[in-house]
$ cat entry.pdb   # PDB, C-alpha atoms
ATOM      1  CA  MET A   1      73.997 -33.097 103.482
ATOM      2  CA  ALA A   2      74.413 -35.554 106.305
ATOM      3  CA  LYS A   3      72.159 -35.372 109.329
ATOM      4  CA  PRO A   4      73.845 -33.210 112.005
ATOM      5  CA  GLY A   5      74.634 -34.343 115.502
ATOM      6  CA  CYS A   6      76.632 -37.107 117.169
ATOM      7  CA  ASP A   7      74.407 -40.178 117.230
ATOM      8  CA  LYS A   8      74.985 -42.772 119.934
ATOM      9  CA  ARG A   9      76.495 -46.154 119.081
ATOM     10  CA  SER A  10      76.967 -48.824 121.763
ATOM     11  CA  ALA A  11      80.359 -50.506 122.058
ATOM     12  CA  PRO A  12      80.380 -54.310 122.294
ATOM     13  CA  GLY A  13      81.098 -56.503 125.306
ATOM     14  CA  GLN A  14      79.585 -54.306 128.018
ATOM     15  CA  GLN A  15      78.735 -55.643 131.460
ATOM     16  CA  PRO A  16      75.045 -55.834 132.488
ATOM     17  CA  ARG A  17      73.577 -52.789 134.209
ATOM     18  CA  THR A  18      73.886 -52.632 137.990
ATOM     19  CA  ARG A  19      73.028 -50.083 140.670
ATOM     20  CA  ASP A  20      76.751 -49.383 141.169
ATOM     21  CA  ASP A  21      77.425 -48.273 137.595
ATOM     22  CA  PHE A  22      79.451 -45.033 137.518
ATOM     23  CA  ALA A  23      79.633 -45.028 141.348
ATOM     24  CA  LEU A  24      83.231 -43.806 141.307
ATOM     25  CA  LEU A  25      82.442 -40.749 139.179
ATOM     26  CA  PRO A  26      81.619 -37.286 140.582
ATOM     27  CA  THR A  27      77.955 -36.410 140.986
ATOM     28  CA  ARG A  28      77.566 -34.451 137.748
ATOM     29  CA  GLU A  29      79.389 -37.014 135.609
ATOM     30  CA  ARG A  30      77.430 -39.856 137.257
ATOM     31  CA  TYR A  31      74.165 -38.065 136.474
ATOM     32  CA  VAL A  32      75.073 -37.473 132.809
ATOM     33  CA  ALA A  33      76.477 -40.991 132.388
ATOM     34  CA  GLY A  34      73.324 -42.601 133.780
ATOM     35  CA  PHE A  35      71.172 -40.611 131.370
ATOM     36  CA  VAL A  36      73.362 -41.366 128.336
ATOM     37  CA  ASP A  37      73.553 -45.057 129.207
ATOM     38  CA  HIS A  38      69.777 -45.388 128.954
ATOM     39  CA  LEU A  39      69.541 -43.591 125.600
ATOM     40  CA  PRO A  40      68.848 -45.915 122.661
ATOM     41  CA  ASP A  41      71.300 -46.280 119.809
ATOM     42  CA  GLY A  42      70.826 -43.487 117.295
ATOM     43  CA  ALA A  43      69.868 -40.895 119.934
ATOM     44  CA  SER A  44      71.470 -37.478 119.615
ATOM     45  CA  MET A  45      74.596 -36.978 121.706
ATOM     46  CA  SER A  46      75.250 -33.338 120.874
ATOM     47  CA  VAL A  47      75.933 -31.047 123.824
ATOM     48  CA  LYS A  48      73.053 -28.765 122.882
ATOM     49  CA  GLN A  49      70.530 -31.610 122.717
ATOM     50  CA  LEU A  50      71.700 -33.192 125.984
ATOM     51  CA  ALA A  51      71.477 -29.836 127.781
ATOM     52  CA  LYS A  52      67.841 -29.527 126.674
ATOM     53  CA  GLN A  53      67.017 -32.896 128.240
ATOM     54  CA  LEU A  54      69.055 -32.459 131.437
ATOM     55  CA  PRO A  55      67.660 -29.386 133.208
ATOM     56  CA  LEU A  56      70.178 -29.481 136.073
ATOM     57  CA  TYR A  57      73.128 -28.471 133.878
ATOM     58  CA  GLY A  58      73.840 -26.105 131.004
ATOM     59  CA  GLN A  59      75.788 -26.698 127.808
ATOM     60  CA  GLN A  60      79.165 -25.822 129.318
ATOM     61  CA  ALA A  61      78.644 -28.223 132.228
ATOM     62  CA  ILE A  62      77.497 -30.999 129.865
ATOM     63  CA  SER A  63      80.543 -30.448 127.649
ATOM     64  CA  THR A  64      82.870 -30.676 130.661
ATOM     65  CA  ALA A  65      81.101 -33.821 131.873
ATOM     66  CA  LEU A  66      81.431 -35.518 128.462
ATOM     67  CA  LYS A  67      85.131 -34.673 128.415
ATOM     68  CA  ALA A  68      85.532 -36.255 131.858
ATOM     69  CA  LEU A  69      83.604 -39.353 130.714
ATOM     70  CA  SER A  70      85.932 -39.608 127.724
ATOM     71  CA  VAL A  71      88.966 -39.506 130.011
ATOM     72  CA  ALA A  72      87.317 -42.122 132.253
ATOM     73  CA  GLY A  73      87.044 -44.447 129.223
ATOM     74  CA  HIS A  74      83.282 -44.429 128.655
ATOM     75  CA  LEU A  75      83.022 -42.688 125.258
ATOM     76  CA  ARG A  76      84.849 -41.782 122.066
ATOM     77  CA  ARG A  77      83.672 -39.503 119.247
ATOM     78  CA  VAL A  78      84.409 -40.339 115.623
ATOM     79  CA  ARG A  79      83.752 -39.170 112.086
ATOM     80  CA  CYS A  80      82.482 -41.798 109.665
ATOM     81  CA  ALA A  81      82.369 -41.595 105.867
ATOM     82  CA  VAL A  82      79.047 -42.819 104.428
ATOM     83  CA  GLY A  83      77.912 -43.133 100.840
ATOM     84  CA  ALA A  84      80.050 -43.797  97.805
ATOM     85  CA  GLY A  85      81.727 -41.821  95.052
ATOM     86  CA  ASP A  86      80.679 -38.198  94.777
ATOM     87  CA  GLU A  87      77.937 -38.723  97.378
ATOM     88  CA  THR A  88      80.405 -39.543 100.176
ATOM     89  CA  ARG A  89      79.989 -37.342 103.252
ATOM     90  CA  TRP A  90      81.079 -37.322 106.889
ATOM     91  CA  VAL A  91      78.699 -38.051 109.752
ATOM     92  CA  PHE A  92      79.458 -37.947 113.474
ATOM     93  CA  ARG A  93      79.060 -40.800 115.924
ATOM     94  CA  THR A  94      79.641 -41.183 119.678
ATOM     95  CA  PHE A  95      80.622 -44.681 120.809
ATOM     96  CA  TRP A  96      79.452 -45.353 124.351
ATOM     97  CA  SER A  97      80.565 -48.063 126.776
ATOM     98  CA  ARG A  98      78.980 -48.533 130.194
ATOM     99  CA  THR A  99      82.090 -50.515 131.079
ATOM    100  CA  ALA A 100      85.105 -48.192 131.249
ATOM    101  CA  ARG A 101      87.791 -49.068 128.664
ATOM    102  CA  ASP A 102      91.439 -48.119 128.501
ATOM    103  CA  ASN A 103      93.134 -46.413 125.575
ATOM    104  CA  GLU A 104      94.480 -49.681 124.141
ATOM    105  CA  TRP A 105      90.997 -51.191 123.956
ATOM    106  CA  TRP A 106      89.508 -48.130 122.263
ATOM    107  CA  THR A 107      92.367 -47.905 119.763
ATOM    108  CA  THR A 108      92.040 -51.575 118.843
ATOM    109  CA  TYR A 109      88.278 -51.382 118.492
ATOM    110  CA  LEU A 110      88.141 -48.161 116.478
ATOM    111  CA  THR A 111      90.745 -49.427 114.010
ATOM    112  CA  THR A 112      88.741 -52.551 113.172
ATOM    113  CA  GLU A 113      86.166 -52.987 110.459
ATOM    114  CA  THR A 114      83.603 -53.927 113.135
ATOM    115  CA  ALA A 115      83.534 -50.347 114.435
ATOM    116  CA  SER A 116      83.185 -48.982 110.896
ATOM    117  CA  ARG A 117      80.189 -51.221 110.233
ATOM    118  CA  THR A 118      78.630 -50.239 113.565
ATOM    119  CA  ALA A 119      79.005 -46.529 112.848
ATOM    120  CA  ALA A 120      77.948 -46.536 109.199
ATOM    121  CA  PRO A 121      74.338 -47.900 109.337
ATOM    122  CA  ALA A 122      71.211 -45.999 110.288
ATOM    123  CA  GLU A 123      72.059 -43.117 107.968
ATOM    124  CA  PRO A 124      69.036 -42.362 105.750
ATOM    125  CA  PRO A 125      69.822 -43.072 102.085
ATOM    126  CA  ALA A 126      70.268 -40.153  99.740
ATOM    127  CA  ALA A 127      67.352 -41.329  97.604
ATOM    128  CA  SER A 128      64.892 -40.686 100.433
ATOM    129  CA  ALA A 129      65.671 -36.968 100.402
ATOM    130  CA  PRO A 130      64.186 -34.597  97.831
ATOM    131  CA  PRO A 131      66.078 -34.871  94.540
ATOM    132  CA  ALA A 132      66.939 -31.159  94.417
ATOM    133  CA  PRO A 133      70.183 -31.264  96.494
ATOM    134  CA  ALA A 134      71.645 -34.215  94.583
ATOM    135  CA  PRO A 135      73.199 -32.417  91.562
ATOM    136  CA  VAL A 136      75.057 -29.719  93.500
ATOM    137  CA  ALA A 137      78.317 -31.656  94.016
ATOM    138  CA  VAL A 138      81.213 -29.870  92.333
ATOM    139  CA  PRO A 139      82.697 -32.961  90.617
ATOM    140  CA  GLN A 140      79.345 -33.703  88.955
ATOM    141  CA  GLN A 141      79.013 -30.178  87.612
ATOM    142  CA  ARG A 142      82.522 -30.108  86.171
ATOM    143  CA  THR A 143      82.344 -33.481  84.432
ATOM    144  CA  ALA A 144      78.657 -33.874  83.621
ATOM    145  CA  PRO A 145      78.083 -34.713  79.911
ATOM    146  CA  LYS A 146      75.716 -32.728  77.752
ATOM    147  CA  PRO A 147      72.114 -33.981  77.799
ATOM    148  CA  LYS A 148      71.181 -36.077  74.783
ATOM    149  CA  SER A 149      67.896 -34.278  74.244
ATOM    150  CA  PRO A 150      66.817 -30.829  75.481
ATOM    151  CA  GLU A 151      64.242 -30.762  78.220
ATOM    152  CA  PRO A 152      61.009 -28.933  77.347
ATOM    153  CA  GLU A 153      60.816 -26.905  80.553
ATOM    154  CA  PRO A 154      63.675 -24.593  81.641
ATOM    155  CA  THR A 155      65.051 -25.261  85.118
ATOM    156  CA  PRO A 156      67.693 -23.473  87.222
ATOM    157  CA  ALA A 157      70.017 -26.512  87.057
ATOM    158  CA  PRO A 158      71.375 -25.892  83.516
ATOM    159  CA  VAL A 159      73.271 -22.872  84.928
ATOM    160  CA  ALA A 160      76.159 -25.276  85.575
ATOM    161  CA  THR A 161      76.187 -26.464  81.922
ATOM    162  CA  PRO A 162      78.576 -23.796  80.578
ATOM    163  CA  ALA A 163      81.180 -24.662  83.219
ATOM    164  CA  ALA A 164      80.786 -28.357  82.396
ATOM    165  CA  ALA A 165      81.395 -27.973  78.686
ATOM    166  CA  PRO A 166      85.138 -27.449  78.238
ATOM    167  CA  THR A 167      86.813 -28.229  74.946
ATOM    168  CA  GLY A 168      87.156 -31.877  74.113
ATOM    169  CA  GLY A 169      90.939 -31.807  74.492
ATOM    170  CA  ALA A 170      90.938 -30.379  78.078
ATOM    171  CA  ALA A 171      92.011 -32.879  80.720
ATOM    172  CA  ALA A 172      89.598 -33.643  83.567
ATOM    173  CA  PRO A 173      90.624 -32.057  86.895
ATOM    174  CA  SER A 174      92.493 -34.332  89.265
ATOM    175  CA  PRO A 175      91.003 -35.522  92.606
ATOM    176  CA  ALA A 176      93.513 -33.262  94.396
ATOM    177  CA  TYR A 177      92.321 -30.194  92.442
ATOM    178  CA  LEU A 178      88.664 -31.030  93.102
ATOM    179  CA  ALA A 179      89.312 -31.487  96.829
ATOM    180  CA  LEU A 180      90.946 -28.049  97.001
ATOM    181  CA  ALA A 181      88.063 -26.501  95.054
ATOM    182  CA  GLU A 182      85.638 -28.058  97.544
ATOM    183  CA  LEU A 183      87.255 -26.336 100.540
ATOM    184  CA  GLY A 184      85.427 -23.054  99.943
ATOM    185  CA  ARG A 185      82.080 -24.892  99.866
ATOM    186  CA  LYS A 186      82.823 -26.533 103.216
ATOM    187  CA  ASP A 187      84.047 -23.310 104.842
ATOM    188  CA  ILE A 188      84.082 -19.891 103.158
ATOM    189  CA  ARG A 189      87.227 -18.969 105.097
ATOM    190  CA  LEU A 190      89.211 -21.359 102.875
ATOM    191  CA  ALA A 191      87.798 -20.268  99.501
ATOM    192  CA  LEU A 192      90.503 -20.675  96.821
ATOM    193  CA  SER A 193      90.694 -19.355  93.281
ATOM    194  CA  ALA A 194      91.400 -21.550  90.245
ATOM    195  CA  ASP A 195      95.029 -20.387  90.225
ATOM    196  CA  ASP A 196      95.342 -21.163  93.946
ATOM    197  CA  CYS A 197      94.010 -24.690  93.396
ATOM    198  CA  ALA A 198      96.435 -25.259  90.528
ATOM    199  CA  ALA A 199      99.393 -23.999  92.575
ATOM    200  CA  LEU A 200      98.502 -26.170  95.604
ATOM    201  CA  GLU A 201      97.548 -29.240  93.558
ATOM    202  CA  PRO A 202     100.982 -30.951  93.809
ATOM    203  CA  GLN A 203     100.950 -30.692  97.615
ATOM    204  CA  ALA A 204      97.410 -32.085  97.812
ATOM    205  CA  ALA A 205      98.337 -34.867  95.382
ATOM    206  CA  ALA A 206     101.068 -35.923  97.828
ATOM    207  CA  TRP A 207      98.308 -36.627 100.377
ATOM    208  CA  PHE A 208      96.457 -38.845  97.908
ATOM    209  CA  ALA A 209      99.717 -40.648  97.179
ATOM    210  CA  ARG A 210      99.832 -41.600 100.869
ATOM    211  CA  GLY A 211      96.482 -43.371 100.717
ATOM    212  CA  VAL A 212      93.969 -40.773 101.959
ATOM    213  CA  ASP A 213      90.854 -39.676 100.088
ATOM    214  CA  ALA A 214      89.234 -36.299  99.455
ATOM    215  CA  ASP A 215      87.031 -36.496 102.566
ATOM    216  CA  TYR A 216      90.030 -37.057 104.823
ATOM    217  CA  LEU A 217      91.972 -34.179 103.243
ATOM    218  CA  ILE A 218      89.026 -31.752 103.471
ATOM    219  CA  ALA A 219      88.295 -32.720 107.101
ATOM    220  CA  ALA A 220      91.944 -32.257 108.089
ATOM    221  CA  LEU A 221      92.266 -28.858 106.388
ATOM    222  CA  THR A 222      88.987 -27.418 107.711
ATOM    223  CA  ALA A 223      89.244 -28.647 111.325
ATOM    224  CA  GLY A 224      89.873 -26.085 114.073
ATOM    225  CA  LEU A 225      90.018 -23.000 111.854
ATOM    226  CA  PRO A 226      90.763 -19.624 113.464
ATOM    227  CA  ALA A 227      88.031 -16.989 113.528
ATOM    228  CA  GLN A 228      89.553 -15.250 110.499
ATOM    229  CA  VAL A 229      91.888 -16.516 107.777
ATOM    230  CA  ASP A 230      93.650 -13.543 106.196
ATOM    231  CA  CYS A 231      95.306 -15.430 103.314
ATOM    232  CA  PRO A 232      93.563 -18.749 102.486
ATOM    233  CA  PRO A 233      96.192 -19.968  99.950
ATOM    234  CA  ARG A 234      99.071 -19.431 102.382
ATOM    235  CA  PHE A 235      97.071 -20.985 105.242
ATOM    236  CA  VAL A 236      96.180 -24.086 103.177
ATOM    237  CA  ARG A 237      99.774 -24.437 101.932
ATOM    238  CA  ARG A 238     101.030 -24.418 105.520
ATOM    239  CA  ARG A 239      98.475 -27.015 106.644
ATOM    240  CA  LEU A 240      99.216 -29.239 103.649
ATOM    241  CA  ALA A 241     102.861 -29.250 104.721
ATOM    242  CA  ASP A 242     102.371 -29.545 108.501
ATOM    243  CA  LYS A 243      99.538 -32.112 108.635
ATOM    244  CA  ILE A 244     100.535 -34.451 105.790
ATOM    245  CA  PRO A 245      99.796 -38.045 106.902
ATOM    246  CA  PRO A 246     102.540 -40.679 107.164
ATOM    247  CA  HIS A 247     103.313 -43.140 104.390
ATOM    248  CA  ARG A 248     101.226 -46.276 104.515
ATOM    249  CA  PRO A 249     102.852 -49.698 104.083
ATOM    250  CA  ALA A 250     103.140 -50.778 100.469
ATOM    251  CA  GLY A 251      99.892 -52.301  99.261
ATOM    252  CA  PRO A 252      98.165 -53.312  96.046
ATOM    253  CA  SER A 253      96.951 -49.786  95.296
ATOM    254  CA  SER A 254      99.207 -47.517  93.267
ATOM    255  CA  PRO A 255      99.691 -43.796  94.064
ATOM    256  CA  GLY A 256      98.035 -42.685  90.835
ATOM    257  CA  THR A 257      94.770 -44.539  91.305
ATOM    258  CA  SER A 258      91.690 -42.559  92.250
ATOM    259  CA  THR A 259      89.637 -45.477  93.596
ATOM    260  CA  PRO A 260      88.921 -45.233  97.334
ATOM    261  CA  ALA A 261      90.356 -47.737  99.751
ATOM    262  CA  PRO A 262      87.998 -50.699 100.264
ATOM    263  CA  ALA A 263      88.089 -50.402 104.071
ATOM    264  CA  ARG A 264      87.227 -46.988 105.468
ATOM    265  CA  ARG A 265      88.837 -46.290 108.775
ATOM    266  CA  LEU A 266      87.034 -44.191 111.323
ATOM    267  CA  LEU A 267      88.502 -40.760 111.928
ATOM    268  CA  MET A 268      88.371 -40.050 115.644
ATOM    269  CA  GLU A 269      87.931 -36.489 116.922
ATOM    270  CA  CYS A 270      88.794 -34.766 120.179
ATOM    271  CA  THR A 271      85.842 -34.885 122.578
ATOM    272  CA  ASP A 272      86.533 -31.300 123.648
ATOM    273  CA  CYS A 273      87.533 -29.282 120.551
ATOM    274  CA  GLY A 274      86.603 -31.660 117.700
ATOM    275  CA  ARG A 275      90.097 -31.817 116.170
ATOM    276  CA  PRO A 276      90.301 -34.965 113.983
ATOM    277  CA  GLY A 277      93.002 -37.590 114.247
ATOM    278  CA  LEU A 278      93.723 -41.301 114.357
ATOM    279  CA  PRO A 279      92.632 -43.184 117.521
ATOM    280  CA  GLU A 280      96.193 -43.806 118.667
ATOM    281  CA  ALA A 281      96.944 -40.060 118.434
ATOM    282  CA  LEU A 282      94.095 -39.088 120.794
ATOM    283  CA  PRO A 283      94.563 -40.913 124.127
ATOM    284  CA  ASP A 284      91.645 -40.402 126.511
ATOM    285  CA  GLY A 285      89.725 -39.102 123.481
ATOM    286  CA  LEU A 286      91.525 -35.744 123.727
ATOM    287  CA  CYS A 287      94.119 -34.006 121.593
ATOM    288  CA  ARG A 288      97.358 -32.906 123.256
ATOM    289  CA  PRO A 289      96.349 -29.280 124.070
ATOM    290  CA  CYS A 290      92.968 -30.319 125.501
ATOM    291  CA  ARG A 291      94.555 -33.161 127.475
ATOM    292  CA  VAL A 292      97.086 -30.771 129.027
ATOM    293  CA  ALA A 293      94.342 -28.247 129.856
ATOM    294  CA  HIS A 294      92.176 -30.976 131.397
ATOM    295  CA  THR A 295      95.054 -32.213 133.575
ATOM    296  CA  GLU A 296      95.881 -28.702 134.771
ATOM    297  CA  SER A 297      92.236 -27.932 135.601
ATOM    298  CA  GLN A 298      91.939 -31.179 137.565
ATOM    299  CA  GLN A 299      95.050 -30.390 139.580
ATOM    300  CA  ALA A 300      93.833 -26.868 140.265
ATOM    301  CA  SER A 301      90.279 -27.871 141.204
ATOM    302  CA  SER A 302      91.021 -30.839 143.473
ATOM    303  CA  PRO A 303      91.938 -29.635 147.015
ATOM    304  CA  GLY A 304      94.364 -31.612 149.107
ATOM    305  CA  PRO A 305      93.651 -33.094 152.549
ATOM    306  CA  THR A 306      95.201 -30.073 154.306
ATOM    307  CA  GLU A 307      92.918 -27.642 152.483
ATOM    308  CA  ILE A 308      89.835 -29.764 153.216
ATOM    309  CA  ALA A 309      90.705 -29.915 156.931
ATOM    310  CA  ALA A 310      91.263 -26.146 157.035
ATOM    311  CA  VAL A 311      87.863 -25.476 155.446
ATOM    312  CA  LYS A 312      86.111 -27.798 157.894
ATOM    313  CA  ALA A 313      87.814 -26.124 160.841
ATOM    314  CA  HIS A 314      86.858 -22.691 159.547
ATOM    315  CA  MET A 315      83.204 -23.693 159.117
ATOM    316  CA  ALA A 316      83.118 -25.215 162.601
ATOM    317  CA  ASN A 317      84.487 -21.961 164.020
ATOM    318  CA  LEU A 318      81.798 -19.963 162.206
ATOM    319  CA  ARG A 319      79.060 -22.223 163.599
ATOM    320  CA  ASP A 320      80.433 -21.766 167.109
ATOM    321  CA  LEU A 321      80.429 -17.981 166.697
ATOM    322  CA  LEU A 322      76.785 -18.042 165.544
ATOM    323  CA  LYS A 323      75.805 -19.994 168.656
ATOM    324  CA  ALA A 324      77.528 -17.554 170.992
ATOM    325  CA  PRO A 325      75.227 -15.025 172.771
TER     326      PRO A 325
END

$ encode --input "entry.pdb" --output "structure tokens"
Amino acid sequence: MAKPGCDKRSAPGQQPRTRDDFALLPTRERYVAGFVDHLPDGASMSVKQLAKQLPLYGQQAISTALKALSVAGHLRRVRCAVGAGDETRWVFRTFWSRTARDNEWWTTYLTTETASRTAAPAEPPAASAPPAPAPVAVPQQRTAPKPKSPEPEPTPAPVATPAAAPTGGAAAPSPAYLALAELGRKDIRLALSADDCAALEPQAAAWFARGVDADYLIAALTAGLPAQVDCPPRFVRRRLADKIPPHRPAGPSSPGTSTPAPARRLLMECTDCGRPGLPEALPDGLCRPCRVAHTESQQASSPGPTEIAAVKAHMANLRDLLKAP
């Protein structure tokens, strides 16, 4: 399992620190931005962790401030695939820029290999963890060969051996089938039976034919789930149809190959709700519903000059009444 949290990564080309940094931001956002700017790379950027270190504001206020900083061009949150083969997993990163950037700059940067290399390091290697979690990946259990010699001591691991010993003529499951079977392990609300996986396999294979890998498919299908999924197969079938990615330009890789693309692109996520998407699809770091909600809340919470003048006049009248005998 990857380490949880959204670790900080500094964007390149920032201006030197000055006393006027973030001067145009509201007080709360300026306070949060100043704290985040002084955090070292690799520090946790989760809302819960920041709220623990900033006693003036709670988690909801910190979340709102981070959303405002995203709109102001100071941060973007991404998902990054680390590892290789069956050990690939998604980790979360928050790119931070003291210098405010526009949407075009962020899109260009996050679609380059430089951003992928910046986000990928500093993840502890799998070998440093205890060896027990390593053999639990579903693809390994289904395709693991029989051991050449029996081990003297019985261990719980051989429980997966019967499922990994199909007849010699049985074909190995496709990457699309394995990705569907993995959904229930990522989120129990999307648990599918073997028949469900077989029925949905052609739709999932169409995703692979468009150049995505299993991690991308699983992240797209499990993002933003409702509190309860009444019929997982029907829900997954609908998402496979509605969220299928566009065709990529013709390249050297063929649709049937199972080798991952050599360059892994970062998958950006909405700063507010965490919905994944490509950088160009999330301007201001927000998905469309969150961007609309943020715009409406700003319009509702920012009083006009007439309202400000009326409040000042009312307060002056109250002060005069208190001074009267």

$ residues_around --input "entry.pdb" --residues "Leu221 in chain A" --least-positions-apart "4" --cutoff "12 Å" --atoms "only C-alpha atoms" --output "JSON, numbers by chain"
{"A": [179, 180, 182, 183, 184, 186, 187, 189, 190, 191, 204, 207, 214, 215, 216, 217, 225, 226, 232, 233, 235, 236, 237, 238, 239, 240, 241, 242, 243, 244, 245, 275, 276, 277]}

$ closest_residue --input "entry.pdb" --among "A:Ile218, A:Ala119, A:Ile62, A:Ala181" --to "Cys6 in chain A" --atoms "all atoms listed in the file"
A:Ala119

$ atom_distance --input "entry.pdb" --atom1 "CA of Ala223 in chain A" --atom2 "CA of Ala72 in chain A"
25.0 Å

$ atom_distance --input "entry.pdb" --atom1 "CA of Lys8 in chain A" --atom2 "CA of Thr94 in chain A"
4.9 Å

$ closest_residue --input "entry.pdb" --among "A:Pro175, A:Gly58, A:Gly13, A:Pro26" --to "Ser97 in chain A" --atoms "all atoms listed in the file"
A:Gly13
